[in-house]
$ cat protein.txt   # compact mmCIF, C-alpha atoms
# COMPACT_ATOMS: atom_id res chain seq x y z
CA CYS G 730 0.00 0.00 0.00
CA ALA G 731 0.96 3.62 -0.44
CA GLU G 732 1.91 5.68 2.61
CA ASN G 733 -1.60 7.14 2.77
CA GLY G 734 -3.09 3.65 3.05
CA GLY G 735 -4.62 3.22 -0.38
CA PRO G 736 -3.53 1.01 -3.30
CA SER G 737 -0.29 2.06 -4.95
CA HIS G 738 -0.31 -0.04 -8.14
CA LEU G 739 -2.96 0.40 -10.84
CA ILE G 740 -3.29 -2.66 -13.10
CA VAL G 741 -5.53 -2.12 -16.13
CA LEU G 742 -7.09 -5.01 -18.07
CA CYS G 743 -8.44 -4.52 -21.61
CA HIS G 744 -10.69 -7.05 -23.37
CA GLY G 745 -10.66 -7.68 -27.12
CA LEU G 746 -12.93 -7.52 -30.15
CA ALA G 747 -16.62 -7.94 -29.22
CA GLY G 748 -15.43 -8.67 -25.71
CA ARG G 749 -16.39 -7.63 -22.21
CA PRO G 750 -14.69 -7.36 -18.82
CA SER G 751 -15.87 -10.82 -17.73
CA ASP G 752 -13.62 -12.34 -20.43
CA LEU G 753 -10.70 -11.56 -18.10
CA ASP G 754 -12.51 -12.35 -14.87
CA TYR G 755 -10.05 -15.09 -13.86
CA LEU G 756 -7.04 -12.82 -14.34
CA GLU G 757 -8.79 -10.01 -12.45
CA ARG G 758 -9.64 -12.25 -9.48
CA THR G 759 -6.13 -13.69 -9.37
CA LEU G 760 -4.53 -10.26 -9.36
CA ARG G 761 -6.85 -9.07 -6.61
CA ASP G 762 -6.36 -12.18 -4.46
CA LYS G 763 -2.58 -12.24 -4.77
CA GLY G 764 -2.04 -8.48 -4.90
CA GLY G 765 -4.12 -7.63 -1.86
CA GLU G 766 -4.69 -4.06 -0.78
CA GLY G 767 -1.65 -2.81 -2.62
CA VAL G 768 -3.24 -3.13 -6.07
CA LYS G 769 -6.24 -1.60 -7.76
CA VAL G 770 -7.42 -3.62 -10.76
CA LEU G 771 -9.36 -1.73 -13.42
CA ASN G 772 -11.08 -4.25 -15.70
CA SER G 773 -11.97 -1.76 -18.42
CA ARG G 774 -15.61 -1.32 -19.43
CA SER G 775 -15.28 1.68 -21.74
CA ASN G 776 -15.21 -0.36 -24.97
CA VAL G 777 -18.02 -2.83 -24.27
CA GLY G 778 -20.20 -2.96 -27.39
CA LYS G 779 -17.96 -0.42 -29.16
CA THR G 780 -15.10 -2.40 -30.65
CA ARG G 781 -16.02 -1.85 -34.31
CA ASP G 782 -15.14 1.86 -34.57
CA GLY G 783 -11.37 1.58 -34.74
CA VAL G 784 -8.29 1.31 -32.55
CA SER G 785 -7.95 5.05 -32.03
CA SER G 786 -11.53 5.42 -30.79
CA GLY G 787 -11.15 2.48 -28.43
CA GLY G 788 -7.75 3.69 -27.27
CA ASN G 789 -9.10 7.16 -26.53
CA ARG G 790 -11.98 5.75 -24.50
CA LEU G 791 -9.60 3.53 -22.55
CA ALA G 792 -7.27 6.46 -21.87
CA ALA G 793 -10.16 8.55 -20.54
CA GLU G 794 -11.28 5.70 -18.28
CA ILE G 795 -7.75 5.36 -16.89
CA GLU G 796 -7.50 9.08 -16.23
CA GLU G 797 -10.77 9.05 -14.28
CA THR G 798 -9.56 6.12 -12.19
CA VAL G 799 -6.26 7.83 -11.40
CA LYS G 800 -8.06 11.04 -10.38
CA SER G 801 -10.36 9.14 -8.05
CA THR G 802 -7.51 7.17 -6.40
CA PRO G 803 -4.81 9.63 -5.25
CA SER G 804 -2.73 6.92 -3.56
CA LEU G 805 -1.68 5.39 -6.89
CA GLU G 806 2.02 5.49 -7.80
CA TYR G 807 2.64 2.69 -10.32
CA PHE G 808 0.99 1.64 -13.56
CA SER G 809 0.70 -1.68 -15.43
CA ILE G 810 -1.58 -2.64 -18.29
CA VAL G 811 -2.63 -5.97 -19.83
CA GLY G 812 -4.33 -6.09 -23.23
CA ASN G 813 -6.04 -9.24 -24.49
CA SER G 814 -6.26 -9.65 -28.28
CA LEU G 815 -7.47 -6.34 -29.74
CA GLY G 816 -7.10 -4.94 -26.23
CA GLY G 817 -3.34 -5.01 -26.75
CA LEU G 818 -3.68 -2.45 -29.55
CA TYR G 819 -6.07 -0.38 -27.43
CA ALA G 820 -3.44 -0.46 -24.69
CA ARG G 821 -0.66 0.70 -27.03
CA TYR G 822 -2.81 3.59 -28.24
CA ALA G 823 -3.97 4.56 -24.74
CA VAL G 824 -0.49 4.70 -23.22
CA MET G 825 0.59 6.95 -26.10
CA LYS G 826 -2.21 9.35 -25.17
CA LEU G 827 -1.34 9.20 -21.46
CA TYR G 828 2.45 9.48 -21.79
CA SER G 829 4.24 12.56 -20.49
CA ASP G 830 7.79 13.04 -19.20
CA GLY G 831 8.47 9.35 -18.70
CA LYS G 832 5.18 8.62 -16.93
CA ILE G 833 1.81 7.18 -17.89
CA ALA G 834 -1.14 9.12 -16.46
CA ASN G 835 1.40 10.66 -14.08
CA LEU G 836 2.25 7.20 -12.68
CA GLU G 837 5.49 5.25 -12.94
CA PRO G 838 5.17 2.69 -15.79
CA MET G 839 5.89 -0.86 -14.66
CA ASN G 840 4.56 -3.62 -16.97
CA PHE G 841 3.15 -3.51 -20.47
CA MET G 842 1.69 -6.93 -21.27
CA THR G 843 -0.33 -8.37 -24.15
CA ILE G 844 -2.05 -11.72 -24.62
CA ALA G 845 -2.51 -12.99 -28.20
CA SER G 846 -2.60 -9.46 -29.60
CA PRO G 847 -2.32 -8.71 -33.36
CA HIS G 848 0.64 -6.33 -33.17
CA LEU G 849 1.32 -6.64 -36.89
CA GLY G 850 -2.33 -6.80 -37.97
CA VAL G 851 -3.92 -9.94 -39.35
CA ARG G 852 -3.91 -9.68 -43.14
CA LYS G 853 -1.13 -12.30 -43.38
CA TYR G 854 -1.77 -14.26 -40.26
CA THR G 855 -5.42 -15.03 -39.45
CA TRP G 856 -5.99 -18.75 -40.01
CA GLY G 857 -2.27 -18.88 -40.76
CA VAL G 858 -2.72 -17.71 -44.34
CA MET G 859 -2.44 -14.46 -46.27
CA TYR G 860 -5.84 -13.36 -47.52
CA PRO G 861 -6.21 -12.13 -51.13
CA LYS G 862 -6.77 -8.39 -51.36
CA THR G 863 -10.24 -8.93 -52.79
CA MET G 864 -11.32 -10.18 -49.36
CA PHE G 865 -10.10 -7.13 -47.40
CA PRO G 866 -13.35 -5.14 -47.84
CA ILE G 867 -15.23 -7.96 -46.11
CA ALA G 868 -13.34 -7.11 -42.93
CA SER G 869 -14.97 -3.69 -42.77
CA VAL G 870 -18.41 -5.24 -43.28
CA LEU G 871 -17.88 -7.68 -40.42
CA PHE G 872 -15.82 -5.54 -38.04
CA GLY G 873 -16.20 -1.95 -39.21
CA GLN G 874 -13.26 0.45 -39.04
CA THR G 875 -11.46 -1.95 -36.73
CA GLY G 876 -11.52 -4.60 -39.45
CA LYS G 877 -10.03 -2.18 -41.96
CA GLU G 878 -7.22 -1.34 -39.56
CA LEU G 879 -6.45 -4.94 -38.67
CA PHE G 880 -6.08 -5.75 -42.38
CA LEU G 881 -3.98 -2.58 -42.98
CA HIS G 882 -6.71 -1.47 -45.36
CA ASP G 883 -7.38 1.95 -43.80
CA SER G 884 -5.03 3.85 -46.12
CA ASP G 885 -5.30 4.85 -49.77
CA HIS G 886 -1.79 3.52 -50.32
CA GLU G 887 -0.42 -0.02 -50.57
CA PRO G 888 1.39 -0.54 -47.24
CA ASP G 889 4.10 -2.78 -48.73
CA GLN G 890 5.10 0.00 -51.12
CA MET G 891 5.14 2.86 -48.63
CA SER G 892 8.26 4.47 -47.24
CA PRO G 893 8.66 3.89 -43.49
CA CYS G 894 9.46 7.58 -43.24
CA ASP G 895 6.07 8.68 -44.61
CA ILE G 896 4.23 8.09 -41.34
CA SER G 897 1.33 10.44 -42.03
CA GLN G 898 0.01 8.27 -44.91
CA GLN G 899 0.46 4.88 -43.28
CA PRO G 900 -2.27 2.57 -41.94
CA LEU G 901 -2.82 3.19 -38.24
CA ILE G 902 -1.30 -0.05 -36.96
CA MET G 903 1.80 0.59 -39.06
CA LYS G 904 2.02 4.14 -37.74
CA MET G 905 1.74 2.82 -34.18
CA ALA G 906 4.79 0.62 -34.80
CA LEU G 907 6.95 3.33 -36.38
CA ASP G 908 6.00 6.67 -34.88
CA GLU G 909 8.22 7.75 -31.98
CA GLU G 910 5.12 9.18 -30.30
CA PHE G 911 3.96 5.60 -29.74
CA LEU G 912 7.37 4.02 -29.20
CA GLN G 913 8.44 6.39 -26.44
CA ALA G 914 5.42 5.39 -24.37
CA LEU G 915 6.26 1.68 -24.70
CA ARG G 916 9.92 2.39 -23.96
CA ALA G 917 8.99 4.00 -20.64
CA PHE G 918 7.81 0.70 -19.14
CA LYS G 919 10.14 -1.28 -16.93
CA SER G 920 9.13 -4.43 -18.81
CA ARG G 921 7.26 -5.36 -21.98
CA ARG G 922 5.91 -8.91 -22.03
CA ILE G 923 4.04 -10.87 -24.69
CA TYR G 924 2.04 -14.10 -24.39
CA SER G 925 1.44 -15.91 -27.68
CA ASN G 926 0.13 -19.29 -28.76
CA LEU G 927 2.63 -21.47 -30.60
CA ARG G 928 -0.17 -22.99 -32.70
CA GLY G 929 -3.92 -23.46 -32.73
CA ASP G 930 -4.86 -19.75 -32.59
CA PHE G 931 -6.98 -19.20 -35.69
CA MET G 932 -7.59 -15.51 -34.92
CA VAL G 933 -4.12 -14.21 -33.98
CA SER G 934 -1.28 -16.51 -34.94
CA MET G 935 2.13 -16.52 -33.30
CA ARG G 936 3.82 -14.42 -35.98
CA THR G 937 1.74 -11.34 -35.22
CA ALA G 938 1.16 -12.02 -31.50
CA ALA G 939 4.89 -12.51 -30.81
CA ILE G 940 6.03 -9.86 -33.33
CA GLU G 941 7.95 -12.53 -35.21
CA PRO G 942 6.99 -12.43 -38.91
CA ALA G 943 9.93 -14.66 -39.89
CA ASP G 944 10.54 -18.22 -38.73
CA PHE G 945 10.67 -18.48 -34.95
CA GLU G 946 12.70 -21.23 -33.30
CA ALA G 947 10.45 -23.13 -30.93
CA ASN G 948 10.26 -26.90 -30.61
CA PHE G 949 6.81 -28.44 -30.57
CA PRO G 950 6.41 -30.27 -27.24
CA PRO G 951 5.43 -33.95 -27.35
CA THR G 952 1.69 -34.39 -27.83
CA LYS G 953 -0.23 -37.48 -26.81
CA PRO G 954 -2.81 -38.77 -29.34
CA HIS G 955 -5.85 -37.69 -27.33
CA GLU G 956 -4.36 -34.22 -26.87
CA LEU G 957 -4.55 -33.60 -30.60
CA PHE G 958 -8.31 -33.24 -30.17
CA LEU G 959 -8.94 -32.55 -26.48
CA GLY G 960 -5.84 -30.58 -25.65
CA ARG G 961 -3.86 -30.53 -22.42
CA ASN G 962 -5.23 -29.93 -18.97
CA GLU G 963 -2.78 -27.05 -18.65
CA GLY G 964 -0.96 -24.90 -21.13
CA ILE G 965 2.78 -25.43 -21.46
CA ILE G 966 5.24 -22.55 -21.70
CA VAL G 967 7.37 -23.76 -24.60
CA THR G 968 9.87 -20.94 -24.43
CA GLU G 969 10.31 -17.69 -22.57
CA GLN G 970 12.99 -15.46 -24.01
CA LYS G 971 13.92 -11.87 -24.56
CA ASN G 972 14.74 -10.51 -27.95
CA ILE G 973 18.03 -8.64 -28.17
CA PRO G 974 17.32 -5.15 -29.57
CA GLU G 975 20.82 -4.82 -31.03
CA GLU G 976 20.06 -7.75 -33.32
CA ASN G 977 17.06 -5.94 -34.77
CA CYS G 978 18.79 -2.79 -36.00
CA ARG G 979 18.74 -3.71 -39.70
CA ASP G 980 17.56 -0.74 -41.73
CA ILE G 981 13.78 -1.02 -41.96
CA LYS G 982 13.94 0.51 -45.44
CA GLN G 983 15.29 -2.84 -46.65
CA ALA G 984 12.19 -4.73 -45.54
CA SER G 985 9.84 -5.80 -48.34
CA HIS G 986 6.58 -6.21 -46.41
CA ALA G 987 4.76 -3.90 -44.02
CA GLU G 988 4.74 -6.62 -41.36
CA ASP G 989 8.54 -6.89 -41.53
CA VAL G 990 8.87 -3.12 -41.24
CA MET G 991 6.64 -3.05 -38.14
CA ALA G 992 8.43 -5.98 -36.52
CA LEU G 993 11.88 -4.48 -37.04
CA SER G 994 10.75 -1.25 -35.45
CA LEU G 995 8.94 -2.80 -32.48
CA ASN G 996 11.74 -5.28 -31.84
CA LYS G 997 14.19 -2.45 -31.32
CA LEU G 998 12.56 -2.46 -27.90
CA GLU G 999 13.25 -5.35 -25.55
CA TRP G 1000 10.31 -7.75 -25.18
CA SER G 1001 9.96 -10.82 -23.01
CA LYS G 1002 8.20 -13.31 -25.30
CA VAL G 1003 6.33 -16.21 -23.73
CA ILE G 1004 5.26 -18.88 -26.24
CA VAL G 1005 2.49 -21.21 -25.04
CA ASP G 1006 1.15 -24.52 -26.33
CA PHE G 1007 -2.08 -26.36 -25.47
CA GLY G 1008 -1.92 -29.26 -27.92
CA ALA G 1009 -5.17 -29.83 -29.86
CA PHE G 1010 -3.91 -28.01 -32.92
CA LEU G 1011 -6.56 -29.85 -34.97
CA ILE G 1012 -9.16 -27.74 -33.15
CA PRO G 1013 -7.79 -24.18 -33.33
CA SER G 1014 -9.51 -22.75 -30.25
CA HIS G 1015 -6.54 -21.57 -28.26
CA HIS G 1016 -7.15 -17.84 -28.70
CA ASN G 1017 -9.56 -17.93 -25.77
CA LYS G 1018 -7.69 -20.58 -23.80
CA ILE G 1019 -4.52 -18.55 -23.35
CA CYS G 1020 -6.36 -15.85 -21.37
CA ALA G 1021 -8.49 -18.36 -19.40
CA HIS G 1022 -11.57 -16.76 -20.95
CA SER G 1023 -14.20 -16.55 -18.22
CA ALA G 1024 -17.26 -14.86 -19.75
CA ASN G 1025 -19.65 -17.72 -18.99
CA ILE G 1026 -19.83 -21.23 -17.58
CA TRP G 1027 -18.91 -22.79 -20.93
CA THR G 1028 -15.77 -20.74 -21.55
CA ARG G 1029 -14.72 -21.13 -17.92
CA TYR G 1030 -14.80 -24.89 -18.48
CA PHE G 1031 -13.32 -25.14 -21.97
CA CYS G 1032 -10.65 -22.46 -21.37
CA SER G 1033 -9.57 -23.52 -17.88
CA ALA G 1034 -6.29 -24.87 -19.31
CA GLY G 1035 -5.10 -21.28 -19.51
CA LYS G 1036 -5.35 -20.61 -15.78
CA ASN G 1037 -1.73 -21.52 -15.12
CA ILE G 1038 -0.66 -19.16 -17.90
CA MET G 1039 -2.59 -16.31 -16.29
CA ASN G 1040 -1.09 -17.30 -12.93
CA ASN G 1041 2.30 -16.84 -14.55
CA ALA G 1042 1.27 -13.41 -15.83
CA THR G 1043 -0.02 -12.43 -12.39
CA ASP G 1044 3.18 -13.50 -10.65
CA PHE G 1045 5.27 -11.56 -13.15
CA ILE G 1046 3.30 -8.34 -12.60
CA LEU G 1047 3.24 -8.61 -8.82
CA HIS G 1048 6.93 -9.54 -8.62
CA SER G 1049 7.80 -6.20 -10.22
CA GLN G 1050 5.67 -4.53 -7.56
CA GLU G 1051 7.54 -6.35 -4.78
CA GLU G 1052 10.87 -5.22 -6.23
CA LYS G 1053 9.69 -1.67 -5.69
$ encode --input "protein.txt" --output "structure tokens"
Amino acid sequence: CAENGGPSHLIVLCHGLAGRPSDLDYLERTLRDKGGEGVKVLNSRSNVGKTRDGVSSGGNRLAAEIEETVKSTPSLEYFSIVGNSLGGLYARYAVMKLYSDGKIANLEPMNFMTIASPHLGVRKYTWGVMYPKTMFPIASVLFGQTGKELFLHDSDHEPDQMSPCDISQQPLIMKMALDEEFLQALRAFKSRRIYSNLRGDFMVSMRTAAIEPADFEANFPPTKPHELFLGRNEGIIVTEQKNIPEENCRDIKQASHAEDVMALSLNKLEWSKVIVDFGAFLIPSHHNKICAHSANIWTRYFCSAGKNIMNNATDFILHSQEEK
């Protein structure tokens, strides 16, 4: 607790596309139970029913909600944020809006964490395939402005042919990866941590969730025959490693695809990348498992294998608090 007796650490949770706070109910309860009186968990409600109108709109609403929470809780000193799926992009936009002089909402930034978030968009990665351009307009029909942005289709220019220096004309997600206004906010955090499925995530595959558009070295753990269909009782952390920013300093102008450009820029920051496997890759349902999706009795049952992964996330966040 802070010296005045109130919580000192604000931990913000952000749900994803068409989501709601109860999606992250297990993570919220675990943080509250283990964090005690020293933490205040804000399970964001500002984007419920509003996830179709774009990342910037959602990010602005989230930022406003955070500001109100900080104003109403003067004891707060530290700030962490966890974005699930689309919520990871909302989180990146919101912290940009709240950044000033090395702080987020006037609090000391501690942990920036995402769970299966499409950092590089999804035009090459949903279902593990690259969609033909003729299908991109369907995204806006299904998911509105958010769909356009996730498919990098919110610009009049072809993203693969754009100069990384021409930020003003780029699709929003590309701009968020290249513009120093966004990068400085991420850089302010003590740690940046990513959770990604190794396989079986039909919505946000590993390449975009882990910011690894090229081949990523991770050995598939042994899978028993019944696990191909039913999956494991608990997720397995296949690898947990930090990228080395110095290895990612190749000139982004040499990259041929927008996703490569974004990855090179984002990977100039240090990220702790946690790659998770649940087995059952024949049934690609792991997008909700990794966050221990808790919206209703059915998801609480079918996604319970992700509880140990969310326990790992909780311990990581609270350990940084203890170090303070």
$ closest_residue --input "protein.txt" --among "G:Asp930, G:Glu988, G:Glu941, G:Glu796" --to "G:Ser773" --atoms "only C-alpha atoms"
G:Glu796
$ atom_distance --input "protein.txt" --atom1 "atom CA of G:Gly850" --atom2 "atom CA of G:Ile810"
20.1 Å
$ residues_around --input "protein.txt" --residues "stretch 879-894 of chain G" --least-positions-apart "5" --cutoff "6 Å" --atoms "all atoms listed in the file" --output "list in words"
Gly850, Val851, Arg852, Pro900, His986 and Ala987 of chain G
$ residues_around --input "protein.txt" --residues "G:Val990" --least-positions-apart "4" --cutoff "9 Å" --atoms "all atoms listed in the file" --output "JSON, numbers by chain"
{"G": [889, 893, 903, 906, 907, 981, 982, 983, 984, 985, 986, 994, 995]}
$ residues_near_point --input "protein.txt" --point "(4.5, -21.1, -23.1)" --cutoff "12 Å" --atoms "all atoms listed in the file" --output "PDB file with C-alpha atoms, keeping the file's coordinate frame"
ATOM      1  CA  ILE G 844      -2.050 -11.720 -24.620  1.00  0.00           C
ATOM      2  CA  ALA G 845      -2.510 -12.990 -28.200  1.00  0.00           C
ATOM      3  CA  ILE G 923       4.040 -10.870 -24.690  1.00  0.00           C
ATOM      4  CA  TYR G 924       2.040 -14.100 -24.390  1.00  0.00           C
ATOM      5  CA  SER G 925       1.440 -15.910 -27.680  1.00  0.00           C
ATOM      6  CA  ASN G 926       0.130 -19.290 -28.760  1.00  0.00           C
ATOM      7  CA  LEU G 927       2.630 -21.470 -30.600  1.00  0.00           C
ATOM      8  CA  ARG G 928      -0.170 -22.990 -32.700  1.00  0.00           C
ATOM      9  CA  MET G 935       2.130 -16.520 -33.300  1.00  0.00           C
ATOM     10  CA  ALA G 939       4.890 -12.510 -30.810  1.00  0.00           C
ATOM     11  CA  ALA G 947      10.450 -23.130 -30.930  1.00  0.00           C
ATOM     12  CA  ASN G 948      10.260 -26.900 -30.610  1.00  0.00           C
ATOM     13  CA  PHE G 949       6.810 -28.440 -30.570  1.00  0.00           C
ATOM     14  CA  PRO G 950       6.410 -30.270 -27.240  1.00  0.00           C
ATOM     15  CA  GLU G 963      -2.780 -27.050 -18.650  1.00  0.00           C
ATOM     16  CA  GLY G 964      -0.960 -24.900 -21.130  1.00  0.00           C
ATOM     17  CA  ILE G 965       2.780 -25.430 -21.460  1.00  0.00           C
ATOM     18  CA  ILE G 966       5.240 -22.550 -21.700  1.00  0.00           C
ATOM     19  CA  VAL G 967       7.370 -23.760 -24.600  1.00  0.00           C
ATOM     20  CA  THR G 968       9.870 -20.940 -24.430  1.00  0.00           C
ATOM     21  CA  GLU G 969      10.310 -17.690 -22.570  1.00  0.00           C
ATOM     22  CA  GLN G 970      12.990 -15.460 -24.010  1.00  0.00           C
ATOM     23  CA  SER G1001       9.960 -10.820 -23.010  1.00  0.00           C
ATOM     24  CA  LYS G1002       8.200 -13.310 -25.300  1.00  0.00           C
ATOM     25  CA  VAL G1003       6.330 -16.210 -23.730  1.00  0.00           C
ATOM     26  CA  ILE G1004       5.260 -18.880 -26.240  1.00  0.00           C
ATOM     27  CA  VAL G1005       2.490 -21.210 -25.040  1.00  0.00           C
ATOM     28  CA  ASP G1006       1.150 -24.520 -26.330  1.00  0.00           C
ATOM     29  CA  PHE G1007      -2.080 -26.360 -25.470  1.00  0.00           C
ATOM     30  CA  GLY G1008      -1.920 -29.260 -27.920  1.00  0.00           C
ATOM     31  CA  ILE G1019      -4.520 -18.550 -23.350  1.00  0.00           C
ATOM     32  CA  GLY G1035      -5.100 -21.280 -19.510  1.00  0.00           C
ATOM     33  CA  ASN G1037      -1.730 -21.520 -15.120  1.00  0.00           C
ATOM     34  CA  ILE G1038      -0.660 -19.160 -17.900  1.00  0.00           C
ATOM     35  CA  MET G1039      -2.590 -16.310 -16.290  1.00  0.00           C
ATOM     36  CA  ASN G1041       2.300 -16.840 -14.550  1.00  0.00           C
ATOM     37  CA  ALA G1042       1.270 -13.410 -15.830  1.00  0.00           C
TER      38      ALA G1042
END
$ atom_distance --input "protein.txt" --atom1 "atom CA of G:Asn962" --atom2 "atom CA of G:Lys1018"
10.8 Å
$ closest_residue --input "protein.txt" --among "G:Ser737, G:Thr1028, G:Thr1043, G:Thr937" --to "G:Lys853" --atoms "all atoms listed in the file"
G:Thr937
$ atom_distance --input "protein.txt" --atom1 "atom CA of G:Gly788" --atom2 "atom CA of G:Cys1032"
27.0 Å
$ closest_residue --input "protein.txt" --among "G:Ser897, G:Asn996, G:Leu915, G:Phe841" --to "G:Ser829" --atoms "all atoms listed in the file"
G:Leu915
$ residues_around --input "protein.txt" --residues "G:Ser846" --least-positions-apart "6" --cutoff "7 Å" --atoms "only C-alpha atoms" --output "ChimeraX atom specification"
/G:813-815,817,933,938
$ closest_residue --input "protein.txt" --among "G:Thr843, G:Ser1014, G:Thr952, G:Asn772" --to "G:Leu760" --atoms "all atoms listed in the file"
G:Asn772
$ residues_around --input "protein.txt" --residues "G:Leu827" --least-positions-apart "4" --cutoff "12 Å" --atoms "all atoms listed in the file" --output "NGL selection string"
:G and (788-797 or 799 or 808 or 820-823 or 831-838 or 910-911 or 913-915 or 917)
$ residues_around --input "protein.txt" --residues "G:Val777" --least-positions-apart "5" --cutoff "9 Å" --atoms "all atoms listed in the file" --output "list of chain:residue names"
G:His744, G:Ala747, G:Gly748, G:Arg749, G:Pro750
$ closest_residue --input "protein.txt" --among "G:Ile902, G:Lys763, G:Lys800, G:Val741" --to "G:Val824" --atoms "all atoms listed in the file"
G:Val741
$ axis_aligned_box --input "protein.txt" --around "stretch 1022-1032 of chain G" --padding-each-side "4 Å" --output "lines of an AutoDock Vina configuration file"
center_x = -15.2
center_y = -20.0
center_z = -19.8
size_x = 17.2
size_y = 18.3
size_z = 12.4
$ closest_residue --input "protein.txt" --among "G:Met842, G:Leu849, G:Ala992, G:Ile1026" --to "G:Phe918" --atoms "all atoms listed in the file"
G:Met842
$ decode --input "protein.txt" --residues "stretch 774-788 of chain G" --atoms "N, CA, C and O atoms" --output "PDB file, in the first residue's frame"
ATOM      1  N   ARG G 774     -14.267  -1.156 -18.892  1.00  0.00           N
ATOM      2  CA  ARG G 774     -15.608  -1.318 -19.434  1.00  0.00           C
ATOM      3  C   ARG G 774     -15.897  -0.330 -20.565  1.00  0.00           C
ATOM      4  O   ARG G 774     -16.961  -0.374 -21.178  1.00  0.00           O
ATOM      5  N   SER G 775     -14.978   0.564 -20.842  1.00  0.00           N
ATOM      6  CA  SER G 775     -15.277   1.681 -21.739  1.00  0.00           C
ATOM      7  C   SER G 775     -15.499   1.265 -23.184  1.00  0.00           C
ATOM      8  O   SER G 775     -16.082   2.032 -23.962  1.00  0.00           O
ATOM      9  N   ASN G 776     -15.062   0.072 -23.578  1.00  0.00           N
ATOM     10  CA  ASN G 776     -15.213  -0.359 -24.972  1.00  0.00           C
ATOM     11  C   ASN G 776     -16.234  -1.481 -25.170  1.00  0.00           C
ATOM     12  O   ASN G 776     -16.326  -2.044 -26.263  1.00  0.00           O
ATOM     13  N   VAL G 777     -16.999  -1.789 -24.136  1.00  0.00           N
ATOM     14  CA  VAL G 777     -18.019  -2.825 -24.266  1.00  0.00           C
ATOM     15  C   VAL G 777     -19.052  -2.407 -25.324  1.00  0.00           C
ATOM     16  O   VAL G 777     -19.621  -1.320 -25.257  1.00  0.00           O
ATOM     17  N   GLY G 778     -19.246  -3.252 -26.332  1.00  0.00           N
ATOM     18  CA  GLY G 778     -20.200  -2.961 -27.395  1.00  0.00           C
ATOM     19  C   GLY G 778     -19.743  -1.906 -28.377  1.00  0.00           C
ATOM     20  O   GLY G 778     -20.529  -1.454 -29.219  1.00  0.00           O
ATOM     21  N   LYS G 779     -18.455  -1.518 -28.325  1.00  0.00           N
ATOM     22  CA  LYS G 779     -17.964  -0.422 -29.163  1.00  0.00           C
ATOM     23  C   LYS G 779     -16.662  -0.761 -29.877  1.00  0.00           C
ATOM     24  O   LYS G 779     -15.898   0.138 -30.223  1.00  0.00           O
ATOM     25  N   THR G 780     -16.417  -2.030 -30.119  1.00  0.00           N
ATOM     26  CA  THR G 780     -15.101  -2.403 -30.648  1.00  0.00           C
ATOM     27  C   THR G 780     -15.004  -2.362 -32.166  1.00  0.00           C
ATOM     28  O   THR G 780     -13.974  -2.732 -32.723  1.00  0.00           O
ATOM     29  N   ARG G 781     -16.045  -1.891 -32.842  1.00  0.00           N
ATOM     30  CA  ARG G 781     -16.020  -1.845 -34.311  1.00  0.00           C
ATOM     31  C   ARG G 781     -15.534  -0.500 -34.870  1.00  0.00           C
ATOM     32  O   ARG G 781     -15.314  -0.381 -36.071  1.00  0.00           O
ATOM     33  N   ASP G 782     -15.392   0.512 -34.034  1.00  0.00           N
ATOM     34  CA  ASP G 782     -15.141   1.855 -34.568  1.00  0.00           C
ATOM     35  C   ASP G 782     -13.673   2.252 -34.610  1.00  0.00           C
ATOM     36  O   ASP G 782     -13.340   3.428 -34.722  1.00  0.00           O
ATOM     37  N   GLY G 783     -12.774   1.299 -34.522  1.00  0.00           N
ATOM     38  CA  GLY G 783     -11.365   1.584 -34.741  1.00  0.00           C
ATOM     39  C   GLY G 783     -10.528   1.599 -33.475  1.00  0.00           C
ATOM     40  O   GLY G 783     -11.024   1.831 -32.370  1.00  0.00           O
ATOM     41  N   VAL G 784      -9.234   1.376 -33.664  1.00  0.00           N
ATOM     42  CA  VAL G 784      -8.293   1.312 -32.549  1.00  0.00           C
ATOM     43  C   VAL G 784      -8.159   2.667 -31.865  1.00  0.00           C
ATOM     44  O   VAL G 784      -8.087   2.739 -30.634  1.00  0.00           O
ATOM     45  N   SER G 785      -8.122   3.729 -32.642  1.00  0.00           N
ATOM     46  CA  SER G 785      -7.952   5.048 -32.032  1.00  0.00           C
ATOM     47  C   SER G 785      -9.142   5.411 -31.150  1.00  0.00           C
ATOM     48  O   SER G 785      -8.965   5.933 -30.041  1.00  0.00           O
ATOM     49  N   SER G 786     -10.343   5.122 -31.602  1.00  0.00           N
ATOM     50  CA  SER G 786     -11.525   5.423 -30.792  1.00  0.00           C
ATOM     51  C   SER G 786     -11.514   4.619 -29.504  1.00  0.00           C
ATOM     52  O   SER G 786     -11.766   5.144 -28.414  1.00  0.00           O
ATOM     53  N   GLY G 787     -11.217   3.320 -29.619  1.00  0.00           N
ATOM     54  CA  GLY G 787     -11.147   2.476 -28.430  1.00  0.00           C
ATOM     55  C   GLY G 787     -10.020   2.888 -27.499  1.00  0.00           C
ATOM     56  O   GLY G 787     -10.172   2.879 -26.269  1.00  0.00           O
ATOM     57  N   GLY G 788      -8.885   3.248 -28.080  1.00  0.00           N
ATOM     58  CA  GLY G 788      -7.755   3.687 -27.268  1.00  0.00           C
ATOM     59  C   GLY G 788      -8.042   4.983 -26.528  1.00  0.00           C
ATOM     60  O   GLY G 788      -7.650   5.149 -25.365  1.00  0.00           O
TER      61      GLY G 788
END
